[in-house]
Structure formats: structure tokens, C-alpha cells
$ cat coords-v5.txt   # compact mmCIF, C-alpha atoms
# COMPACT_ATOMS: atom_id res chain seq x y z
CA MET A 1 1.72 -5.67 43.18
CA SER A 2 4.91 -7.18 41.77
CA LEU A 3 4.31 -10.45 43.64
CA PHE A 4 1.30 -11.14 41.38
CA GLU A 5 3.67 -11.19 38.40
CA LEU A 6 5.59 -14.13 39.84
CA GLU A 7 4.44 -17.44 38.38
CA PHE A 8 4.86 -19.43 41.58
CA MET A 9 2.81 -16.82 43.46
CA GLN A 10 0.07 -17.02 40.86
CA ARG A 11 -0.05 -20.79 41.29
CA ALA A 12 0.03 -20.44 45.08
CA LEU A 13 -2.83 -17.94 45.08
CA ILE A 14 -4.97 -20.14 42.85
CA ALA A 15 -4.24 -23.13 45.09
CA GLY A 16 -5.01 -21.00 48.15
CA LEU A 17 -8.32 -19.83 46.68
CA LEU A 18 -9.41 -23.41 45.98
CA THR A 19 -8.18 -24.58 49.38
CA GLY A 20 -10.08 -21.82 51.14
CA LEU A 21 -13.27 -22.91 49.37
CA SER A 22 -13.01 -26.69 49.62
CA ALA A 23 -11.64 -27.09 53.16
CA PRO A 24 -14.47 -25.25 54.99
CA ALA A 25 -17.03 -26.76 52.59
CA ILE A 26 -16.32 -30.32 53.70
CA GLY A 27 -15.35 -29.15 57.18
CA THR A 28 -18.91 -27.93 57.76
CA TYR A 29 -20.16 -31.50 57.54
CA LEU A 30 -17.35 -32.80 59.75
CA VAL A 31 -18.17 -30.25 62.46
CA GLN A 32 -21.85 -31.15 62.17
CA ARG A 33 -20.94 -34.81 62.73
CA ARG A 34 -18.60 -33.92 65.62
CA LEU A 35 -15.63 -35.33 63.72
CA SER A 36 -13.54 -32.18 63.73
CA LEU A 37 -10.30 -34.13 64.19
CA LEU A 38 -10.88 -36.38 61.19
CA GLY A 39 -8.91 -34.01 58.97
CA ASP A 40 -5.99 -34.14 61.38
CA GLY A 41 -5.99 -37.94 61.30
CA ILE A 42 -6.13 -38.02 57.52
CA GLY A 43 -3.29 -35.50 57.41
CA HIS A 44 -1.09 -37.90 59.33
CA ILE A 45 -2.05 -40.71 56.96
CA ALA A 46 -1.21 -38.51 53.98
CA ILE A 47 2.36 -38.25 55.29
CA THR A 48 2.75 -41.93 54.49
CA GLY A 49 1.36 -41.27 51.01
CA VAL A 50 3.85 -38.48 50.40
CA ALA A 51 6.72 -40.63 51.61
CA LEU A 52 5.54 -43.49 49.40
CA GLY A 53 5.60 -41.19 46.38
CA LEU A 54 9.12 -40.04 47.17
CA LEU A 55 10.23 -43.64 47.65
CA THR A 56 8.76 -44.89 44.37
CA GLY A 57 9.56 -41.78 42.34
CA SER A 58 5.87 -41.09 41.74
CA ALA A 59 4.04 -37.80 42.18
CA PRO A 60 3.65 -37.34 45.96
CA VAL A 61 0.32 -35.56 45.52
CA LEU A 62 -1.25 -38.52 43.73
CA THR A 63 0.09 -41.13 46.13
CA ALA A 64 -1.10 -38.97 49.02
CA VAL A 65 -4.59 -38.94 47.52
CA VAL A 66 -4.69 -42.73 47.22
CA VAL A 67 -3.32 -43.42 50.71
CA SER A 68 -5.52 -40.73 52.30
CA ILE A 69 -8.68 -42.13 50.73
CA ALA A 70 -7.74 -45.65 51.88
CA GLY A 71 -7.09 -44.41 55.41
CA ALA A 72 -10.29 -42.34 55.59
CA THR A 73 -12.31 -45.31 54.37
CA ALA A 74 -10.73 -47.53 57.01
CA ILE A 75 -11.52 -45.00 59.75
CA GLU A 76 -15.17 -44.80 58.71
CA LEU A 77 -15.61 -48.57 58.42
CA ILE A 78 -14.01 -49.16 61.82
CA ARG A 79 -16.26 -46.55 63.38
CA ALA A 80 -19.44 -47.71 61.63
CA ARG A 81 -19.00 -51.40 62.43
CA GLY A 82 -18.25 -50.78 66.07
CA LYS A 83 -14.80 -52.32 66.04
CA ALA A 84 -13.56 -49.25 67.86
CA THR A 85 -14.91 -45.86 68.80
CA GLY A 86 -14.27 -42.87 66.56
CA ASP A 87 -11.51 -41.41 68.73
CA VAL A 88 -9.71 -44.76 68.98
CA ALA A 89 -9.85 -45.23 65.21
CA LEU A 90 -8.42 -41.74 64.72
CA ALA A 91 -5.65 -42.41 67.24
CA LEU A 92 -4.65 -45.58 65.39
CA MET A 93 -4.40 -43.63 62.15
CA PHE A 94 -2.50 -40.79 63.83
CA TYR A 95 0.28 -43.02 65.04
CA GLY A 96 0.36 -45.37 62.08
CA GLY A 97 0.39 -42.54 59.54
CA ILE A 98 3.21 -40.53 61.06
CA ALA A 99 5.29 -43.61 61.83
CA GLY A 100 4.89 -45.00 58.33
CA GLY A 101 5.75 -41.64 56.78
CA VAL A 102 8.95 -41.18 58.78
CA LEU A 103 10.02 -44.76 58.05
CA LEU A 104 9.44 -44.48 54.29
CA ILE A 105 11.13 -41.08 54.12
CA GLY A 106 14.23 -42.65 55.66
CA LEU A 107 14.12 -45.52 53.17
CA ALA A 108 13.79 -43.02 50.31
CA GLY A 109 16.95 -41.25 51.46
CA GLN A 110 15.16 -37.93 51.90
CA GLY A 111 15.85 -35.55 54.76
CA ALA A 112 13.56 -33.70 57.10
CA ALA A 113 13.63 -30.59 54.89
CA THR A 114 11.80 -32.41 52.12
CA LEU A 115 9.11 -33.60 54.50
CA ASN A 116 8.69 -30.14 56.04
CA THR A 117 7.48 -28.70 52.73
CA TYR A 118 4.50 -31.05 52.95
CA LEU A 119 3.98 -30.80 56.70
CA PHE A 120 3.79 -27.00 56.86
CA GLY A 121 3.23 -25.95 53.25
CA SER A 122 5.53 -24.24 50.78
CA LEU A 123 4.65 -21.62 48.19
CA THR A 124 7.60 -22.29 45.94
CA THR A 125 6.90 -26.01 45.57
CA VAL A 126 3.48 -25.65 43.91
CA SER A 127 4.30 -26.85 40.39
CA GLN A 128 2.10 -26.58 37.32
CA SER A 129 1.23 -30.29 37.49
CA ASP A 130 0.40 -29.96 41.19
CA LEU A 131 -1.90 -27.08 40.36
CA TYR A 132 -3.80 -29.16 37.80
CA VAL A 133 -4.35 -31.88 40.40
CA VAL A 134 -5.43 -29.35 43.02
CA VAL A 135 -7.93 -27.72 40.64
CA GLY A 136 -9.46 -31.06 39.69
CA LEU A 137 -9.74 -32.31 43.25
CA ALA A 138 -11.08 -29.02 44.64
CA VAL A 139 -13.77 -28.79 41.98
CA THR A 140 -14.80 -32.37 42.74
CA VAL A 141 -15.10 -31.62 46.46
CA LEU A 142 -17.16 -28.48 45.85
CA VAL A 143 -19.52 -30.23 43.41
CA VAL A 144 -20.17 -33.03 45.89
CA ALA A 145 -20.47 -30.75 48.93
CA ILE A 146 -22.98 -28.46 47.20
CA GLY A 147 -24.77 -30.92 44.93
CA LEU A 148 -25.43 -33.48 47.68
CA GLY A 149 -25.87 -30.88 50.39
CA PRO A 150 -29.39 -31.92 51.57
CA GLN A 151 -28.47 -35.60 51.76
CA LEU A 152 -25.15 -35.00 53.53
CA PHE A 153 -26.81 -32.61 55.98
CA ALA A 154 -29.50 -35.18 56.81
CA VAL A 155 -26.87 -37.83 57.54
CA CYS A 156 -24.79 -35.47 59.67
CA GLN A 157 -27.77 -34.19 61.61
CA ASP A 158 -29.54 -37.48 62.41
CA GLU A 159 -28.42 -40.81 60.98
CA GLU A 160 -31.51 -42.68 62.18
CA PHE A 161 -33.86 -40.20 60.56
CA ALA A 162 -31.84 -40.26 57.35
CA ARG A 163 -32.01 -44.07 57.34
CA THR A 164 -35.80 -44.05 57.73
CA THR A 165 -36.13 -41.71 54.74
CA GLY A 166 -34.34 -44.24 52.54
CA LEU A 167 -30.92 -42.60 52.32
CA ARG A 168 -27.88 -44.86 52.09
CA VAL A 169 -26.30 -43.63 55.29
CA GLN A 170 -23.12 -45.71 55.22
CA LEU A 171 -22.39 -44.76 51.63
CA LEU A 172 -22.86 -41.06 52.37
CA ASN A 173 -20.67 -41.33 55.47
CA LEU A 174 -17.96 -42.94 53.35
CA LEU A 175 -18.37 -40.16 50.80
CA ILE A 176 -17.81 -37.52 53.49
CA ALA A 177 -14.68 -39.34 54.66
CA VAL A 178 -13.34 -39.65 51.11
CA MET A 179 -14.01 -35.98 50.37
CA ALA A 180 -12.20 -35.07 53.58
CA ALA A 181 -9.21 -37.10 52.39
CA VAL A 182 -9.26 -35.35 49.02
CA THR A 183 -9.47 -31.96 50.75
CA VAL A 184 -6.43 -32.76 52.86
CA THR A 185 -4.47 -33.40 49.68
CA VAL A 186 -5.74 -30.17 48.13
CA ALA A 187 -4.51 -28.15 51.11
CA MET A 188 -1.21 -30.01 51.43
CA ARG A 189 0.84 -27.49 49.47
CA THR A 190 -0.58 -24.28 50.94
CA VAL A 191 -1.44 -25.05 54.57
CA GLY A 192 0.51 -28.25 55.14
CA LEU A 193 -0.62 -31.65 56.36
CA LEU A 194 -0.26 -30.85 60.05
CA LEU A 195 -2.39 -27.69 59.88
CA VAL A 196 -4.99 -28.63 57.27
CA SER A 197 -7.51 -29.68 59.93
CA ALA A 198 -7.47 -26.14 61.32
CA LEU A 199 -8.56 -24.73 57.97
CA MET A 200 -11.39 -27.28 57.85
CA VAL A 201 -12.65 -26.43 61.34
CA VAL A 202 -11.74 -22.85 62.34
CA PRO A 203 -13.66 -21.04 59.53
CA VAL A 204 -16.72 -23.15 60.33
CA ALA A 205 -16.46 -22.38 64.04
CA THR A 206 -16.03 -18.70 63.17
CA ALA A 207 -19.10 -18.69 60.94
CA GLN A 208 -21.19 -20.35 63.64
CA GLN A 209 -20.62 -17.36 65.91
CA VAL A 210 -22.55 -15.01 63.63
CA THR A 211 -24.94 -17.27 61.69
CA ARG A 212 -28.01 -19.28 62.57
CA SER A 213 -28.74 -21.68 59.70
CA PHE A 214 -26.65 -24.45 58.18
CA ARG A 215 -26.67 -22.86 54.72
CA SER A 216 -25.50 -19.46 55.96
CA THR A 217 -22.80 -21.17 58.01
CA PHE A 218 -21.63 -23.07 54.92
CA VAL A 219 -21.39 -19.95 52.75
CA THR A 220 -19.82 -17.76 55.45
CA ALA A 221 -17.24 -20.42 56.32
CA CYS A 222 -16.15 -20.65 52.67
CA ILE A 223 -15.78 -16.87 52.46
CA ILE A 224 -13.73 -16.79 55.66
CA GLY A 225 -11.57 -19.64 54.39
CA VAL A 226 -10.81 -17.84 51.12
CA LEU A 227 -9.95 -14.58 52.89
CA ALA A 228 -7.70 -16.35 55.40
CA CYS A 229 -5.85 -18.28 52.67
CA LEU A 230 -5.26 -15.35 50.34
CA ALA A 231 -4.30 -12.96 53.14
CA GLY A 232 -2.05 -15.60 54.70
CA ILE A 233 -0.23 -16.34 51.45
CA ILE A 234 0.43 -12.66 50.74
CA THR A 235 1.49 -12.00 54.33
CA SER A 236 3.79 -15.00 54.42
CA TYR A 237 5.49 -13.90 51.21
CA ASN A 238 6.10 -10.38 52.48
CA ALA A 239 7.20 -11.49 55.96
CA ASN A 240 9.12 -14.56 54.73
CA VAL A 241 7.34 -16.94 57.13
CA ALA A 242 5.56 -20.28 56.71
CA PRO A 243 2.29 -19.86 54.77
CA GLY A 244 0.40 -22.58 56.63
CA ALA A 245 1.06 -21.11 60.05
CA THR A 246 0.19 -17.61 58.83
CA ILE A 247 -3.12 -18.77 57.34
CA VAL A 248 -4.13 -20.58 60.54
CA VAL A 249 -3.15 -17.64 62.78
CA LEU A 250 -5.26 -15.27 60.67
CA ALA A 251 -8.17 -17.71 60.77
CA LEU A 252 -7.90 -17.92 64.56
CA ALA A 253 -7.80 -14.13 64.80
CA GLY A 254 -11.01 -14.05 62.77
CA PHE A 255 -12.59 -16.48 65.22
CA VAL A 256 -11.73 -14.23 68.16
CA VAL A 257 -13.32 -11.24 66.45
CA ALA A 258 -16.41 -13.22 65.39
CA ALA A 259 -16.84 -14.63 68.91
CA ALA A 260 -16.86 -11.12 70.36
CA VAL A 261 -19.30 -9.85 67.73
CA GLY A 262 -21.53 -12.88 68.15
CA THR A 263 -21.66 -12.41 71.91
CA LEU A 264 -22.73 -8.78 71.50
CA LEU A 265 -25.40 -9.71 68.96
CA ARG A 266 -26.82 -12.46 71.17
CA ARG A 267 -26.91 -10.15 74.17
CA ARG A 268 -28.61 -7.45 72.17
CA SER A 269 -31.21 -9.79 70.69
CA GLY A 270 -31.81 -11.33 74.12
CA ARG A 271 -32.75 -8.04 75.75
CA MET A 272 -36.49 -7.71 76.40
CA ARG A 273 -38.40 -4.72 77.66
CA PRO A 274 -40.34 -5.29 80.90
CA LEU A 275 -43.91 -6.43 80.36
CA ALA A 276 -46.77 -4.43 81.75
CA ASP A 277 -48.79 -5.99 84.54
CA ASP A 278 -51.71 -6.79 82.23
CA GLU A 279 -49.62 -7.60 79.10
CA PRO A 280 -49.23 -11.31 78.19
CA GLU A 281 -45.93 -12.70 76.94
CA VAL A 282 -45.50 -12.92 73.17
CA GLY A 283 -46.98 -16.12 71.77
CA LEU A 284 -48.76 -17.06 75.03
CA PRO A 285 -52.47 -16.64 75.75
CA ALA A 286 -53.52 -14.22 78.43
CA PRO A 287 -53.77 -15.98 81.80
CA GLU A 288 -57.16 -16.69 83.30
CA PRO A 289 -57.95 -14.23 86.09
CA HIS A 290 -57.91 -15.73 89.59
CA VAL A 291 -61.03 -15.54 91.69
CA VAL A 292 -60.21 -14.45 95.21
CA SER A 293 -62.18 -16.18 97.96
CA PRO A 294 -62.22 -15.45 101.69
CA GLY A 295 -59.40 -17.10 103.60
CA HIS A 296 -57.51 -18.25 100.49
CA PRO A 297 -55.42 -16.40 97.87
CA HIS A 298 -57.64 -17.59 95.01
CA ALA A 299 -60.21 -20.20 94.10
CA HIS A 300 -58.72 -23.31 92.48
CA SER A 301 -60.52 -24.48 89.34
CA GLN A 302 -59.92 -26.19 86.01
CA ALA A 303 -58.54 -22.94 84.56
CA CYS A 304 -56.09 -21.99 87.31
CA GLY A 305 -53.27 -24.15 85.93
CA HIS A 306 -52.36 -25.93 89.17
CA GLN A 307 -52.00 -29.69 89.36
CA LYS A 308 -55.31 -31.37 90.25
CA VAL A 309 -55.63 -34.60 92.23
CA ASP A 310 -59.14 -36.12 92.16
CA HIS A 311 -60.06 -38.27 95.18
CA GLY A 312 -63.70 -38.91 94.32
CA ASP A 313 -65.37 -37.13 97.24
CA HIS A 314 -63.04 -34.11 97.01
CA VAL A 315 -60.41 -32.52 94.78
CA ASP A 316 -56.88 -31.54 95.81
CA TYR A 317 -54.72 -28.95 94.08
CA VAL A 318 -50.95 -28.59 94.45
CA HIS A 319 -49.96 -24.93 94.74
CA ASP A 320 -46.59 -23.43 95.85
CA GLY A 321 -45.42 -26.78 97.18
CA HIS A 322 -48.52 -27.22 99.42
CA LEU A 323 -51.53 -29.46 98.99
CA HIS A 324 -54.86 -27.65 99.11
CA ALA A 325 -57.91 -29.87 99.65
CA ALA A 326 -61.35 -28.69 98.55
CA HIS A 327 -64.15 -29.72 100.89
CA GLY A 328 -67.38 -28.10 99.79
CA ASP A 329 -66.98 -24.35 100.20
CA HIS A 330 -63.79 -24.27 102.33
CA TRP A 331 -60.10 -25.18 101.87
CA ASP A 332 -57.65 -27.06 104.01
CA GLU A 333 -53.91 -26.47 103.46
CA HIS A 334 -51.61 -29.43 104.22

$ encode --input "coords-v5.txt" --output "C-alpha cells"
Amino acid sequence: MSLFELEFMQRALIAGLLTGLSAPAIGTYLVQRRLSLLGDGIGHIAITGVALGLLTGSAPVLTAVVVSIAGATAIELIRARGKATGDVALALMFYGGIAGGVLLIGLAGQGAATLNTYLFGSLTTVSQSDLYVVVGLAVTVLVVAIGLGPQLFAVCQDEEFARTTGLRVQLLNLLIAVMAAVTVTVAMRTVGLLLVSALMVVPVATAQQVTRSFRSTFVTACIIGVLACLAGIITSYNANVAPGATIVVLALAGFVVAAAVGTLLRRRSGRMRPLADDEPEVGLPAPEPHVVSPGHPHAHSQACGHQKVDHGDHVDYVHDGHLHAAHGDHWDEH
């Protein structure tokens, strides 16, 4: 319990708690929109923001927020206006963000060790001012994700339907992108920029294995995110390993367990007892009894359920791939 008496561990645990809540919260909407890699692209853009802060002597967290929001907005506008597909827009940001970050880091005279603390997370570098920024940004993300939940869900589920209901689809899409950028900055210190996308996606994917509704997925994903962050931070301190990697590995382990449990639950719920010969299926009306006639398995009629073809002077029915023609009181099979 002595680690909880250390000030930097207290700050790291608070940052981890907020990261575990905010990352899956906004990640649920990204997964729903099939933009799981958006967080990864924004993470690369944030590298340029961090490097810009180091170059100008400003707070890297704040510059990362500004640059990440600008990059996320650009990605969404490019995708929405059809200038490029979503994956192409992300690829452009991937390469541009990492290249710009490395270039600016070199101009700032900083080495790779400084950049690594932002790429993979570092417990000891969470300062008091960083914590204030993280708290403010995380609370903002959670308020938006929960307060505008119905509107954001409608946009993620079906943009055309949301547009017909009067929602401002493009504005809400931009809001999701901006909140994703803010979340990346929140998780920068604990998980790291290169692994933040995993914390936005893996808890959501884990929750989907054992839940059915969007709301239950949202809540379960946040709980999983918090547990993974707190357990990862404590484990990384005791084992003296990178916190970001530890958090992601624990989250992936949770996914494996949830996938196995979900498979068992689905198999169990899918089992059905055999129906009796005279017992109709649940929710279906009892079938009309067939009338057996000489020389034919049953008499075709309006109630037998087979496709009817009316030719005026006679009626044909399609049954078992064969055409049965009704001529008075006898049947011809073609």
C-alpha cells in the first residue's frame, strides 16, 4: 500500500481513472461508426503537437490538444466532403503527424527519450498542472458523451435517418472527432500516443462480447477501461515496465476471456429443445392441416402455403421444385 502514498502515483492513478472512463466512452461511438483507427491517426497527429510544445517552450499537453483537434477536424471534413475516403484521410494524417513530430523534435534539440515518454506513457511525468488539464478534458468528454448520447448514437447508427429527423449530422460528426482528439490527449501520459487507440477500442470490443444493447455496452466498456488502467498502472509500477503496454495487454487479456464467455452464453441461449410433432414454433401460428387426396401427397389450396400460378382455366402450384397443375379433380406433375 506504500505506493498510494507517493504523490506521482496518486496523480497517475487519478489520470488513469479518468482515462479509463473517457477513452471507452468516446470509443463506443467510434466503433459504432466503424472508425476504430481514428484514435490511432489522431495519436500520430498529437506527436506533432507535443513536438511543437517542446520547440516553443509551451506546455506539450496544451499544444497537443490544439493540434489534435485541428487534425481530427481535417480528417472529418475530408471524409465528409468526399475528397478522399476515410482510410485515405487517416493514412495522410498518420504519415504527416509522425513525420512532423520527428522533424520538430529534432529542431527542438530533444532526443528520442523525451519523445518516448509521450509515445508509450510515463507515470513519473504526470505533473500537477498536467493533472488539472487531464481532469478538465476528461470531464468535458464524459459530459458530452453522456449528455448527447441519443443524438450521437443516432448519427453513428444511421446518418440518413438522423438527417431526416432534423439532427445536424455534420456538426455531430465533427463533435465526435473533436472529442476523440481530446481523449487522445487525456490518455497521452498514461497509455501513450501510440497505444491510446487500443484503450478506445479494446474495452468496447470486450463489452460487445457479453452485452446486447448500446447502453449496456457503453457502461461495461467504461468499467473495463477503468479496471484495465488502474490494474495496469499498479502492475507496471511493481514490475518496472511501461504502463501503456501493461494496460493494453491487460485489456486484451480481458477481451480473450470475454470472447470465451460470450461464446458459451450464445451457445447456451441458442440451444432449443426438440418440438413435438403437433407443437408449433414459438411466435408462429399452427400450420393448416394438409388434406390428403388419392394419388397426390396433399390437396393444394389457398391455405397450403405453396406458390400459386393462376392460368385462368386452371391453377398451378409450385411444390418441392415441381409444378403441379390442377385440372378439375386430378393433378398433373411437370

$ closest_residue --input "coords-v5.txt" --among "A:Asn238, A:Thr56, A:Ser213, A:Thr19" --to "A:Ile105" --atoms "all atoms listed in the file"
A:Thr56

$ closest_residue --input "coords-v5.txt" --among "A:Thr185, A:Gln157, A:Thr140, A:Thr246" --to "A:Thr28" --atoms "all atoms listed in the file"
A:Gln157

$ closest_residue --input "coords-v5.txt" --among "A:Ile69, A:Leu37, A:Leu230, A:Ala15" --to "A:Val88" --atoms "all atoms listed in the file"
A:Leu37

$ closest_residue --input "coords-v5.txt" --among "A:Ala72, A:Ile14, A:Val219, A:Ile146" --to "A:Ala177" --atoms "only C-alpha atoms"
A:Ala72

$ closest_residue --input "coords-v5.txt" --among "A:Arg33, A:Ile224, A:Ala154, A:Leu104" --to "A:Val204" --atoms "only C-alpha atoms"
A:Ile224

$ residues_around --input "coords-v5.txt" --residues "A:Gln128" --least-positions-apart "5" --cutoff "9 Å" --atoms "all atoms listed in the file" --output "list in words"
Phe8, Arg11 and Val133 of chain A

$ atom_distance --input "coords-v5.txt" --atom1 "atom CA of A:Thr206" --atom2 "atom CA of A:Val184"
19.9 Å

$ closest_residue --input "coords-v5.txt" --among "A:Asn173, A:Gly101, A:Met188, A:Thr117" --to "A:Asp158" --atoms "all atoms listed in the file"
A:Asn173

$ atom_distance --input "coords-v5.txt" --atom1 "atom CA of A:Val65" --atom2 "atom CA of A:Leu35"
19.9 Å

$ residues_near_point --input "coords-v5.txt" --point "(2.9, -30.0, 46.2)" --cutoff "6 Å" --atoms "all atoms listed in the file" --output "PyMOL selection string"
chain A and resi 125-126+130+189

$ residues_near_point --input "coords-v5.txt" --point "(-20.7, -12.7, 68.4)" --cutoff "12 Å" --atoms "all atoms listed in the file" --output "list in words"
Ala205, Thr206, Ala207, Gln208, Gln209, Val210, Thr211, Arg212, Gly254, Phe255, Val256, Val257, Ala258, Ala259, Ala260, Val261, Gly262, Thr263, Leu264, Leu265, Arg266, Arg267, Arg268 and Ser269 of chain A

$ residues_around --input "coords-v5.txt" --residues "A:Ser36" --least-positions-apart "3" --cutoff "10 Å" --atoms "all atoms listed in the file" --output "list in words"
Gly27, Thr28, Tyr29, Leu30, Val31, Gln32, Arg33, Gly39, Asp40, Gly41, Ser197, Ala198, Met200, Val201 and Val202 of chain A

$ residues_around --input "coords-v5.txt" --residues "A:Thr190" --least-positions-apart "6" --cutoff "8 Å" --atoms "all atoms listed in the file" --output "list of chain:residue names"
A:Ala12, A:Ala15, A:Gly16, A:Thr19, A:Phe120, A:Gly121, A:Ser122, A:Leu123, A:Ile233, A:Pro243, A:Gly244

$ atom_distance --input "coords-v5.txt" --atom1 "atom CA of A:Ser2" --atom2 "atom CA of A:Ala187"
24.8 Å

$ residues_around --input "coords-v5.txt" --residues "A:Gly53" --least-positions-apart "2" --cutoff "12 Å" --atoms "only C-alpha atoms" --output "list in words"
Ala46, Ile47, Thr48, Gly49, Val50, Ala51, Leu55, Thr56, Gly57, Ser58, Ala59, Pro60, Val61, Leu62, Thr63, Ala64, Val65, Val66, Val67, Gly101, Leu104, Ile105, Leu107, Ala108, Gln110 and Leu115 of chain A

$ decode --input "coords-v5.txt" --residues "stretch 23-43 of chain A" --atoms "C-alpha atoms" --output "PDB file, in the first residue's frame"
ATOM      1  CA  ALA A  23     -11.397   6.606 -23.736  1.00  0.00           C
ATOM      2  CA  PRO A  24     -14.028   3.805 -23.957  1.00  0.00           C
ATOM      3  CA  ALA A  25     -16.827   6.394 -23.688  1.00  0.00           C
ATOM      4  CA  ILE A  26     -15.883   8.098 -26.940  1.00  0.00           C
ATOM      5  CA  GLY A  27     -14.515   4.851 -28.362  1.00  0.00           C
ATOM      6  CA  THR A  28     -18.003   3.333 -28.252  1.00  0.00           C
ATOM      7  CA  TYR A  29     -19.176   5.861 -30.823  1.00  0.00           C
ATOM      8  CA  LEU A  30     -16.076   5.374 -32.968  1.00  0.00           C
ATOM      9  CA  VAL A  31     -16.607   1.606 -33.060  1.00  0.00           C
ATOM     10  CA  GLN A  32     -20.272   2.159 -33.908  1.00  0.00           C
ATOM     11  CA  ARG A  33     -19.200   4.350 -36.842  1.00  0.00           C
ATOM     12  CA  ARG A  34     -16.539   1.816 -37.918  1.00  0.00           C
ATOM     13  CA  LEU A  35     -13.795   4.377 -37.323  1.00  0.00           C
ATOM     14  CA  SER A  36     -11.807   2.351 -34.824  1.00  0.00           C
ATOM     15  CA  LEU A  37      -8.486   3.605 -36.203  1.00  0.00           C
ATOM     16  CA  LEU A  38      -9.373   7.277 -35.850  1.00  0.00           C
ATOM     17  CA  GLY A  39      -7.770   7.382 -32.408  1.00  0.00           C
ATOM     18  CA  ASP A  40      -4.566   5.949 -33.835  1.00  0.00           C
ATOM     19  CA  GLY A  41      -4.474   8.623 -36.535  1.00  0.00           C
ATOM     20  CA  ILE A  42      -5.087  11.399 -34.028  1.00  0.00           C
ATOM     21  CA  GLY A  43      -2.357   9.943 -31.823  1.00  0.00           C
TER      22      GLY A  43
END
